[in-house]
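A quick write-up on the structure given underneath.
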Amino acid sequence: MLVRVLSISIGSTLLRGTCNHISSFTVKRLKSQASNMDGVKGLLIDISGVLKDGDVVIDGSVAAIKKLQSANFPFRLVTNETLKPRKTILSTLSMLGYNIDEKILFSPVPATVEILKRENLRPHLLVHPRMIPEFEGVDFNDPNCVVMADAYEHFTFENMNACFRKLMAMENPVFISLGIGKYYMDDDGMALDVGGFAKCLEYATGVSPRVVGKPSRDYFLAAVNDMNLKCDQVVMIGDDVLHDVGGAQAAGLKGALVRTGKFTKRDENHPTVKPDLIVNNLAHAVELLFGTSPS
Amino acid sequence: MKKVEAVLIDLSGTLHIENTATPNAVEALKRLRASRVKIKFVTNTTKESKTVLYQRLKKLGFDISQEEIFTSLSAANDLIKKDQLKPMLIVDDAALEDFSDVSKFDGKPDSVVVGLAPEKFNRPVLNEALRLLLSGGKLVAIHQGRYYKTSSGLSLGPGPFVKLLEYAAGVEAVTVGKPNVEFFKAALEDLGVADPTTAFMIGDDVRDDIDGAQRLGLKGCLVQTGKYRSGDETKISPPPDLVLGDFSNAVDQILSHIGQS
């Protein structure tokens, strides 16, 4: 009995890790899911937990991305990262063996810039200063909206109060928050994410934040539009069942959950989100897409 | 209306804005005192201790005694003692004096008390508060005012930062100042007034001053000074009993009630 438990435990570790060893049950399940890739013309792919865990590459994902690239199959990388400029994200990916064109990297900042330009919005920014160059080409004169992201040590009273006063002075105030997370694990313990600061301003001004970033609909739509595709032609592949999969489905996309990154077994039976596909990792999602059976 | 027994008066935005009295406020307070009605100054101005508030009002020429000031700091102090809390105090240094008997304790804090402390509303302090709350700490709000008026414009009050911590940590704060009806009740009890319907509340904050007081049964009198913004009177239901230009106008209106009764 002890031996059996042990072997299951090893098996599941392999499934979450290298995933070249798949149980016959999983193969059947993948084959039965293959039809869910019918009509799919593009992919949205999360970075953290799908391409890499921290600075560690996830097995098979480098080859999977190469396969998409050599087939000229449209995809966009989507992340909620707002503390690292795109160049930094790209250099980390490059170090891990990915060859990613900056144009296909979608983070909340470029999505916001697209919205700002499309809707003639001129932002007052509260973001980390190293992110400001990412707003190149945006009109900052006479602000008619406030844009906030995780500003880290720049979340000071003065900076918050400046945003507050701007919103109160606007005739038709628009408030954009890049993500709405509550907190995350930082180097020295739990740290406030942008969500609390957005709620702070919402309470003071009565202006609800428009969220750009997963799980917001606008965010997925911006990435889909960038590929000139329709929502139902696109699958979002991520490790966060609620924000990646649930968010994408609510926006009209298909959602595929990977068993890598922060995935836990209970995500497969989430009370509200039913993924269109559950795959072992990105490599298998791509194999299903191209109709080749898993090895 | 019944005989007018008491008038509760807000300070910042109603009697004065920072270091300037509102128009004719000093004279108006004298007129009100001459009517022998009982008076209490009720304030959510948590940034400063009673002594600081008293000295400022004295300097502006108001006839006032320190015992007449009833603040949300006093109410918070009472709660900390009653619940035997070990508080992390996010209050202005000037207000710490009113907490001197509860700010020294052994071991780690088990609660977060949020007042108005602009210089402490920053990420490192708020992160410390978050961690305390995530490990089961209690959140106490001295009040939940959204914003207040300063000489440089409107500024964020403590309420928004209470909401920040509530959302991030998934907790709900206990609020001790205005608009909590217990606060108005305690102020009237101090005056020996048992029937709230015999009292007026004059203030510039439609939610915290007027709505809170009216819920207890006081007559609410909104003044259009301080943080008042056009349309505020429509933000609560039922609307304010009275809406007047400033404190002086409010006093005249109340004196006419007293004259009629």
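Identifiers in this document derive from the order of the structure tokens: chains are assigned A, B, ..., residues are numbered from 1 separately in each chain, and ligands are numbered from 1 in order of occurrence.
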Env of Ala186 (chain B): 12 Å cut, atoms = only C-alpha atoms, seq-sep filter 3 positions within chain, self excluded. Answer as a PDB file with N, CA, C and O atoms, in the first residue's frame.
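Generated file (out.pdb):
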```
ATOM      1  N   LEU B   8     -24.620  70.212  18.817  1.00  0.00           N
ATOM      2  CA  LEU B   8     -23.295  69.628  18.583  1.00  0.00           C
ATOM      3  C   LEU B   8     -22.708  70.335  17.362  1.00  0.00           C
ATOM      4  O   LEU B   8     -23.396  70.518  16.360  1.00  0.00           O
ATOM      5  N   LYS B  40     -21.465  71.142  22.574  1.00  0.00           N
ATOM      6  CA  LYS B  40     -20.308  70.222  22.543  1.00  0.00           C
ATOM      7  C   LYS B  40     -19.695  70.327  21.151  1.00  0.00           C
ATOM      8  O   LYS B  40     -20.422  70.369  20.140  1.00  0.00           O
ATOM      9  N   VAL B  42     -17.832  68.411  18.439  1.00  0.00           N
ATOM     10  CA  VAL B  42     -17.567  67.003  18.106  1.00  0.00           C
ATOM     11  C   VAL B  42     -16.741  66.941  16.837  1.00  0.00           C
ATOM     12  O   VAL B  42     -17.115  67.512  15.813  1.00  0.00           O
ATOM     13  N   PHE B  70     -15.114  67.023  22.135  1.00  0.00           N
ATOM     14  CA  PHE B  70     -15.297  65.576  22.159  1.00  0.00           C
ATOM     15  C   PHE B  70     -14.766  65.015  20.835  1.00  0.00           C
ATOM     16  O   PHE B  70     -15.283  65.329  19.778  1.00  0.00           O
ATOM     17  N   THR B  71     -13.691  64.224  20.909  1.00  0.00           N
ATOM     18  CA  THR B  71     -13.065  63.773  19.655  1.00  0.00           C
ATOM     19  C   THR B  71     -13.172  62.260  19.475  1.00  0.00           C
ATOM     20  O   THR B  71     -13.381  61.518  20.428  1.00  0.00           O
ATOM     21  N   SER B  72     -12.980  61.860  18.235  1.00  0.00           N
ATOM     22  CA  SER B  72     -12.988  60.427  17.925  1.00  0.00           C
ATOM     23  C   SER B  72     -11.759  59.751  18.528  1.00  0.00           C
ATOM     24  O   SER B  72     -11.748  58.527  18.700  1.00  0.00           O
ATOM     25  N   SER B  74     -10.767  60.226  21.621  1.00  0.00           N
ATOM     26  CA  SER B  74     -11.233  59.787  22.941  1.00  0.00           C
ATOM     27  C   SER B  74     -12.017  58.484  22.803  1.00  0.00           C
ATOM     28  O   SER B  74     -11.852  57.554  23.598  1.00  0.00           O
ATOM     29  N   ALA B  75     -12.878  58.428  21.782  1.00  0.00           N
ATOM     30  CA  ALA B  75     -13.694  57.235  21.563  1.00  0.00           C
ATOM     31  C   ALA B  75     -12.811  56.022  21.250  1.00  0.00           C
ATOM     32  O   ALA B  75     -13.063  54.914  21.728  1.00  0.00           O
ATOM     33  N   ASP B  78     -11.080  54.789  24.403  1.00  0.00           N
ATOM     34  CA  ASP B  78     -12.016  54.002  25.213  1.00  0.00           C
ATOM     35  C   ASP B  78     -12.107  52.563  24.703  1.00  0.00           C
ATOM     36  O   ASP B  78     -12.102  51.621  25.498  1.00  0.00           O
ATOM     37  N   VAL B 176     -15.050  54.113  15.176  1.00  0.00           N
ATOM     38  CA  VAL B 176     -15.486  54.696  16.449  1.00  0.00           C
ATOM     39  C   VAL B 176     -15.952  56.152  16.348  1.00  0.00           C
ATOM     40  O   VAL B 176     -16.708  56.618  17.180  1.00  0.00           O
ATOM     41  N   GLY B 177     -15.511  56.898  15.360  1.00  0.00           N
ATOM     42  CA  GLY B 177     -15.875  58.324  15.251  1.00  0.00           C
ATOM     43  C   GLY B 177     -17.184  58.536  14.501  1.00  0.00           C
ATOM     44  O   GLY B 177     -17.972  57.599  14.311  1.00  0.00           O
ATOM     45  N   LYS B 178     -17.426  59.793  14.064  1.00  0.00           N
ATOM     46  CA  LYS B 178     -18.571  60.067  13.196  1.00  0.00           C
ATOM     47  C   LYS B 178     -18.391  59.218  11.935  1.00  0.00           C
ATOM     48  O   LYS B 178     -17.264  59.073  11.484  1.00  0.00           O
ATOM     49  N   ASN B 180     -20.604  57.030  13.245  1.00  0.00           N
ATOM     50  CA  ASN B 180     -21.121  56.031  14.174  1.00  0.00           C
ATOM     51  C   ASN B 180     -22.100  56.688  15.166  1.00  0.00           C
ATOM     52  O   ASN B 180     -21.745  57.654  15.836  1.00  0.00           O
ATOM     53  N   VAL B 181     -23.313  56.155  15.263  1.00  0.00           N
ATOM     54  CA  VAL B 181     -24.317  56.785  16.130  1.00  0.00           C
ATOM     55  C   VAL B 181     -23.895  56.753  17.600  1.00  0.00           C
ATOM     56  O   VAL B 181     -24.258  57.624  18.379  1.00  0.00           O
ATOM     57  N   GLU B 182     -23.073  55.753  17.962  1.00  0.00           N
ATOM     58  CA  GLU B 182     -22.580  55.661  19.343  1.00  0.00           C
ATOM     59  C   GLU B 182     -21.775  56.904  19.717  1.00  0.00           C
ATOM     60  O   GLU B 182     -21.762  57.333  20.863  1.00  0.00           O
ATOM     61  N   PHE B 183     -21.098  57.448  18.735  1.00  0.00           N
ATOM     62  CA  PHE B 183     -20.277  58.639  18.961  1.00  0.00           C
ATOM     63  C   PHE B 183     -21.159  59.836  19.344  1.00  0.00           C
ATOM     64  O   PHE B 183     -20.894  60.532  20.312  1.00  0.00           O
ATOM     65  N   GLU B 189     -24.593  62.254  25.952  1.00  0.00           N
ATOM     66  CA  GLU B 189     -24.553  61.756  27.332  1.00  0.00           C
ATOM     67  C   GLU B 189     -23.646  62.631  28.194  1.00  0.00           C
ATOM     68  O   GLU B 189     -23.961  62.933  29.337  1.00  0.00           O
ATOM     69  N   ASP B 190     -22.517  63.030  27.594  1.00  0.00           N
ATOM     70  CA  ASP B 190     -21.589  63.932  28.288  1.00  0.00           C
ATOM     71  C   ASP B 190     -22.286  65.230  28.712  1.00  0.00           C
ATOM     72  O   ASP B 190     -21.937  65.835  29.725  1.00  0.00           O
ATOM     73  N   LEU B 191     -23.248  65.646  27.908  1.00  0.00           N
ATOM     74  CA  LEU B 191     -23.967  66.901  28.185  1.00  0.00           C
ATOM     75  C   LEU B 191     -25.184  66.674  29.084  1.00  0.00           C
ATOM     76  O   LEU B 191     -25.877  67.618  29.455  1.00  0.00           O
ATOM     77  N   GLY B 192     -25.455  65.394  29.375  1.00  0.00           N
ATOM     78  CA  GLY B 192     -26.636  65.068  30.180  1.00  0.00           C
ATOM     79  C   GLY B 192     -27.928  65.207  29.399  1.00  0.00           C
ATOM     80  O   GLY B 192     -28.995  65.452  29.963  1.00  0.00           O
ATOM     81  N   VAL B 193     -27.835  65.040  28.072  1.00  0.00           N
ATOM     82  CA  VAL B 193     -29.030  65.120  27.223  1.00  0.00           C
ATOM     83  C   VAL B 193     -29.475  63.706  26.834  1.00  0.00           C
ATOM     84  O   VAL B 193     -28.734  62.982  26.176  1.00  0.00           O
ATOM     85  N   ALA B 194     -30.666  63.318  27.253  1.00  0.00           N
ATOM     86  CA  ALA B 194     -31.126  61.949  27.015  1.00  0.00           C
ATOM     87  C   ALA B 194     -31.902  61.812  25.707  1.00  0.00           C
ATOM     88  O   ALA B 194     -31.903  60.750  25.091  1.00  0.00           O
ATOM     89  N   PRO B 196     -32.229  62.646  21.949  1.00  0.00           N
ATOM     90  CA  PRO B 196     -31.483  63.194  20.797  1.00  0.00           C
ATOM     91  C   PRO B 196     -32.327  64.138  19.947  1.00  0.00           C
ATOM     92  O   PRO B 196     -31.765  65.007  19.269  1.00  0.00           O
ATOM     93  N   ALA B 213     -25.837  61.833  12.525  1.00  0.00           N
ATOM     94  CA  ALA B 213     -26.610  62.477  13.593  1.00  0.00           C
ATOM     95  C   ALA B 213     -28.106  62.264  13.378  1.00  0.00           C
ATOM     96  O   ALA B 213     -28.846  61.967  14.328  1.00  0.00           O
ATOM     97  N   LEU B 216     -29.562  59.060  14.566  1.00  0.00           N
ATOM     98  CA  LEU B 216     -29.802  58.961  16.006  1.00  0.00           C
ATOM     99  C   LEU B 216     -31.025  59.795  16.413  1.00  0.00           C
ATOM    100  O   LEU B 216     -31.540  59.637  17.512  1.00  0.00           O
TER     101      LEU B 216
END
```
Expected answer as a JSON list (two decimals) with C-alpha atoms, in the first residue's frame: chain A residues within 8 Å of chain B, only C-alpha atoms:
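The resulting file, result.json, is shown below:
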```json
[["chain", "number", "residue", "atom", "x", "y", "z"],
["A", 152, "TYR", "CA", 6.06, 50.09, -4.99],
["A", 153, "GLU", "CA", 7.87, 52.65, -2.77],
["A", 154, "HIS", "CA", 6.25, 55.42, -4.79],
["A", 155, "PHE", "CA", 2.93, 54.65, -3.11],
["A", 156, "THR", "CA", 3.28, 57.69, -0.83],
["A", 157, "PHE", "CA", 0.58, 59.92, 0.60],
["A", 161, "ASN", "CA", -3.27, 62.64, -2.87],
["A", 164, "PHE", "CA", -7.16, 62.06, -5.69],
["A", 165, "ARG", "CA", -7.10, 65.77, -6.48],
["A", 182, "LYS", "CA", -4.82, 42.30, -3.07],
["A", 183, "TYR", "CA", -1.28, 41.35, -2.07],
["A", 189, "GLY", "CA", 6.96, 39.24, 3.36],
["A", 190, "MET", "CA", 3.46, 39.99, 2.13],
["A", 191, "ALA", "CA", 3.15, 43.30, 0.33],
["A", 192, "LEU", "CA", 0.18, 45.35, -0.87],
["A", 193, "ASP", "CA", -0.65, 44.99, -4.56],
["A", 195, "GLY", "CA", -5.83, 46.67, -5.71],
["A", 196, "GLY", "CA", -5.94, 48.21, -2.22],
["A", 197, "PHE", "CA", -4.63, 51.52, -3.51],
["A", 198, "ALA", "CA", -7.28, 51.48, -6.23],
["A", 199, "LYS", "CA", -9.99, 50.84, -3.60],
["A", 200, "CYS", "CA", -8.53, 53.71, -1.57],
["A", 201, "LEU", "CA", -9.09, 56.18, -4.41],
["A", 202, "GLU", "CA", -12.43, 54.63, -5.34],
["A", 203, "TYR", "CA", -13.76, 55.24, -1.82],
["A", 204, "ALA", "CA", -12.44, 58.80, -1.71],
["A", 205, "THR", "CA", -13.69, 59.87, -5.14]]
```
**OP:** State, in Å with one decimal place, the distance from CA of Asn249 (chain B) to CA of Gly231 (chain B).
**Re:**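 Result for CA of Asn249 (chain B) versus CA of Gly231 (chain B): 18.8 Å, one decimal.
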Subject >> Residues near Phe247 (chain B), cut-off 8 Å, only C-alpha atoms, skip fewer than 4 positions along chain, as a list of chain:residue names >> reply: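 Final neighbour list, sorted by chain and number: B:Thr14, B:Leu15, B:Thr22, B:Pro23, B:Ala25, B:Ala28, B:Ile202, B:Val223, B:Val251.
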Requested write-out: N, CA and C atoms of the selected residues, as an mmCIF file, in the first residue's frame:
```
data_model
loop_
_atom_site.group_PDB
_atom_site.id
_atom_site.type_symbol
_atom_site.label_atom_id
_atom_site.label_comp_id
_atom_site.auth_asym_id
_atom_site.auth_seq_id
_atom_site.Cartn_x
_atom_site.Cartn_y
_atom_site.Cartn_z
ATOM 1 N N THR B 14 -16.320 73.779 9.557
ATOM 2 C CA THR B 14 -17.567 74.381 10.019
ATOM 3 C C THR B 14 -17.268 75.662 10.818
ATOM 4 N N LEU B 15 -16.476 75.506 11.916
ATOM 5 C CA LEU B 15 -16.076 76.686 12.700
ATOM 6 C C LEU B 15 -14.875 77.374 12.060
ATOM 7 N N THR B 22 -14.518 80.548 9.933
ATOM 8 C CA THR B 22 -15.478 80.778 8.847
ATOM 9 C C THR B 22 -16.180 82.124 9.130
ATOM 10 N N PRO B 23 -16.828 82.735 8.126
ATOM 11 C CA PRO B 23 -17.352 84.094 8.268
ATOM 12 C C PRO B 23 -18.234 84.282 9.512
ATOM 13 N N ALA B 25 -18.021 83.466 12.476
ATOM 14 C CA ALA B 25 -18.234 82.299 13.336
ATOM 15 C C ALA B 25 -18.019 82.636 14.810
ATOM 16 N N ALA B 28 -21.024 84.395 16.093
ATOM 17 C CA ALA B 28 -22.173 83.484 16.084
ATOM 18 C C ALA B 28 -22.148 82.558 17.300
ATOM 19 N N ILE B 202 -24.458 70.562 13.714
ATOM 20 C CA ILE B 202 -24.045 71.444 12.612
ATOM 21 C C ILE B 202 -22.718 70.940 12.051
ATOM 22 N N VAL B 223 -23.796 72.839 6.591
ATOM 23 C CA VAL B 223 -23.305 74.150 6.192
ATOM 24 C C VAL B 223 -22.482 74.027 4.908
ATOM 25 N N VAL B 251 -26.538 79.181 13.106
ATOM 26 C CA VAL B 251 -26.837 79.628 14.473
ATOM 27 C C VAL B 251 -28.110 80.487 14.473
#
```
Subject >> All residues 12 Å or closer to region 118-120 of chain A, only C-alpha atoms, same chain fewer than 6 positions away omitted, as JSON, numbers by chain >> reply: {"A": [111, 112, 138, 139, 140, 141, 142, 143, 144, 145, 174, 222]}
Generate a file of the selected residues that holds all heavy atoms, formatted as a tab-separated table (two decimals), in the first residue's frame.
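Once written, selection-v2.tsv looks like this:
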```tsv
chain	number	residue	atom	x	y	z
A	111	ALA	N	-1.32	47.57	-23.13
A	111	ALA	CA	-2.77	47.50	-23.29
A	111	ALA	C	-3.41	48.82	-22.88
A	111	ALA	O	-4.35	49.31	-23.51
A	111	ALA	CB	-3.34	46.35	-22.44
A	112	THR	N	-2.87	49.40	-21.82
A	112	THR	CA	-3.37	50.69	-21.34
A	112	THR	C	-3.07	51.80	-22.35
A	112	THR	O	-3.93	52.63	-22.65
A	112	THR	CB	-2.74	51.05	-19.98
A	112	THR	OG1	-3.04	50.00	-19.05
A	112	THR	CG2	-3.28	52.35	-19.43
A	138	VAL	N	2.27	58.87	-25.46
A	138	VAL	CA	1.00	59.23	-24.82
A	138	VAL	C	1.03	60.73	-24.49
A	138	VAL	O	2.06	61.27	-24.13
A	138	VAL	CB	0.81	58.39	-23.53
A	138	VAL	CG1	-0.33	58.94	-22.67
A	138	VAL	CG2	0.56	56.93	-23.89
A	139	ASP	N	-0.13	61.37	-24.65
A	139	ASP	CA	-0.26	62.80	-24.35
A	139	ASP	C	-0.53	62.99	-22.86
A	139	ASP	O	-1.53	62.50	-22.34
A	139	ASP	CB	-1.41	63.37	-25.19
A	139	ASP	CG	-1.56	64.89	-25.00
A	139	ASP	OD1	-0.76	65.48	-24.24
A	139	ASP	OD2	-2.47	65.46	-25.64
A	140	PHE	N	0.38	63.67	-22.18
A	140	PHE	CA	0.24	63.88	-20.73
A	140	PHE	C	-0.29	65.27	-20.38
A	140	PHE	O	-0.41	65.61	-19.22
A	140	PHE	CB	1.59	63.67	-20.02
A	140	PHE	CG	2.07	62.25	-20.07
A	140	PHE	CD1	3.09	61.87	-20.93
A	140	PHE	CD2	1.50	61.29	-19.25
A	140	PHE	CE1	3.54	60.56	-20.98
A	140	PHE	CE2	1.93	59.97	-19.29
A	140	PHE	CZ	2.95	59.61	-20.16
A	141	ASN	N	-0.55	66.09	-21.41
A	141	ASN	CA	-0.99	67.46	-21.13
A	141	ASN	C	-2.42	67.48	-20.62
A	141	ASN	O	-3.27	66.73	-21.10
A	141	ASN	CB	-0.90	68.31	-22.41
A	141	ASN	CG	0.54	68.48	-22.83
A	141	ASN	OD1	1.39	68.86	-22.03
A	141	ASN	ND2	0.83	68.15	-24.09
A	142	ASP	N	-2.69	68.34	-19.65
A	142	ASP	CA	-4.04	68.54	-19.15
A	142	ASP	C	-4.77	67.21	-18.93
A	142	ASP	O	-5.73	66.89	-19.62
A	142	ASP	CB	-4.81	69.42	-20.16
A	142	ASP	CG	-6.19	69.79	-19.66
A	142	ASP	OD1	-6.40	69.76	-18.43
A	142	ASP	OD2	-7.06	70.07	-20.51
A	143	PRO	N	-4.33	66.42	-17.94
A	143	PRO	CA	-4.84	65.05	-17.77
A	143	PRO	C	-6.36	64.99	-17.62
A	143	PRO	O	-6.96	65.82	-16.95
A	143	PRO	CB	-4.18	64.60	-16.46
A	143	PRO	CG	-2.97	65.44	-16.32
A	143	PRO	CD	-3.32	66.77	-16.93
A	144	ASN	N	-6.96	63.97	-18.28
A	144	ASN	CA	-8.38	63.73	-18.10
A	144	ASN	C	-8.64	62.31	-17.58
A	144	ASN	O	-9.75	61.81	-17.62
A	144	ASN	CB	-9.16	63.99	-19.41
A	144	ASN	CG	-8.68	63.11	-20.55
A	144	ASN	OD1	-7.78	62.29	-20.36
A	144	ASN	ND2	-9.28	63.28	-21.71
A	145	CYS	N	-7.57	61.65	-17.10
A	145	CYS	CA	-7.75	60.37	-16.41
A	145	CYS	C	-6.54	60.10	-15.51
A	145	CYS	O	-5.51	60.76	-15.63
A	145	CYS	CB	-7.96	59.22	-17.39
A	145	CYS	SG	-6.47	58.61	-18.17
A	174	VAL	N	-11.97	59.51	-15.24
A	174	VAL	CA	-11.71	58.12	-15.65
A	174	VAL	C	-10.52	57.65	-14.83
A	174	VAL	O	-9.52	58.34	-14.72
A	174	VAL	CB	-11.39	58.04	-17.16
A	174	VAL	CG1	-10.97	56.62	-17.54
A	174	VAL	CG2	-12.59	58.48	-17.99
A	222	ALA	N	-7.98	43.53	-26.01
A	222	ALA	CA	-6.88	44.28	-26.62
A	222	ALA	C	-5.86	43.32	-27.25
A	222	ALA	O	-5.37	43.56	-28.35
A	222	ALA	CB	-6.22	45.17	-25.58
```
**OP:** Compile the contact shell of Leu96 (chain A) as a ChimeraX atom specification: residues with an atom at most 10 Å away, counting only C-alpha atoms, same-chain residues fewer than 4 positions apart removed.
**Re:** /A:51-52,55-58,62,90-92
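Separating CA of His270 (chain A) from CA of Ala256 (chain A) is a distance of 13.3 Å.
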Subject >> Close residues, Thr79 (chain A) itself excluded, 8 Å, only C-alpha atoms, min 6 positions apart in chain, as a list in words >> reply: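 My list of contacting residues is Asp46, Ile47, Ser48, Phe106, Ser107, Pro108, Gly213 and Lys214 of chain A.
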Original post:
In region 35-178 of chain A, what's strand (DSSP E or B) per DSSP? Answer as a ChimeraX atom specification?
Top reply: /A:42-46,48,52-53,56-57,75-78,105-106,123-126,145-148,175-178
**OP:** Excluding Ala94 (chain B) and any residue of its chain fewer than 4 positions from it, enumerate the residues within 9 Å of it, using only C-alpha atoms, and give them as number ranges by chain.
**Re:** B: 47-49, 52, 98
Subject >> Those in region 77-250 of chain B with alpha helix (DSSP H) from DSSP, as an NGL selection string >> reply: :B and (77-82 or 123-134 or 158-169 or 181-191 or 212-216 or 247-250)
Subject >> Gap from CA of Glu18 (chain B) to CA of Asn77 (chain B) - Å, one decimal >> reply: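 One can read the CA of Glu18 (chain B) to CA of Asn77 (chain B) distance as 24.7 Å.
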**OP:** Identify which of the residues A:Ile132, A:Ala162, A:Val279, A:Leu289 lies closest to Val234 (chain A), counting only C-alpha atoms when measuring atom-to-atom distances.
**Re:** A:Leu289
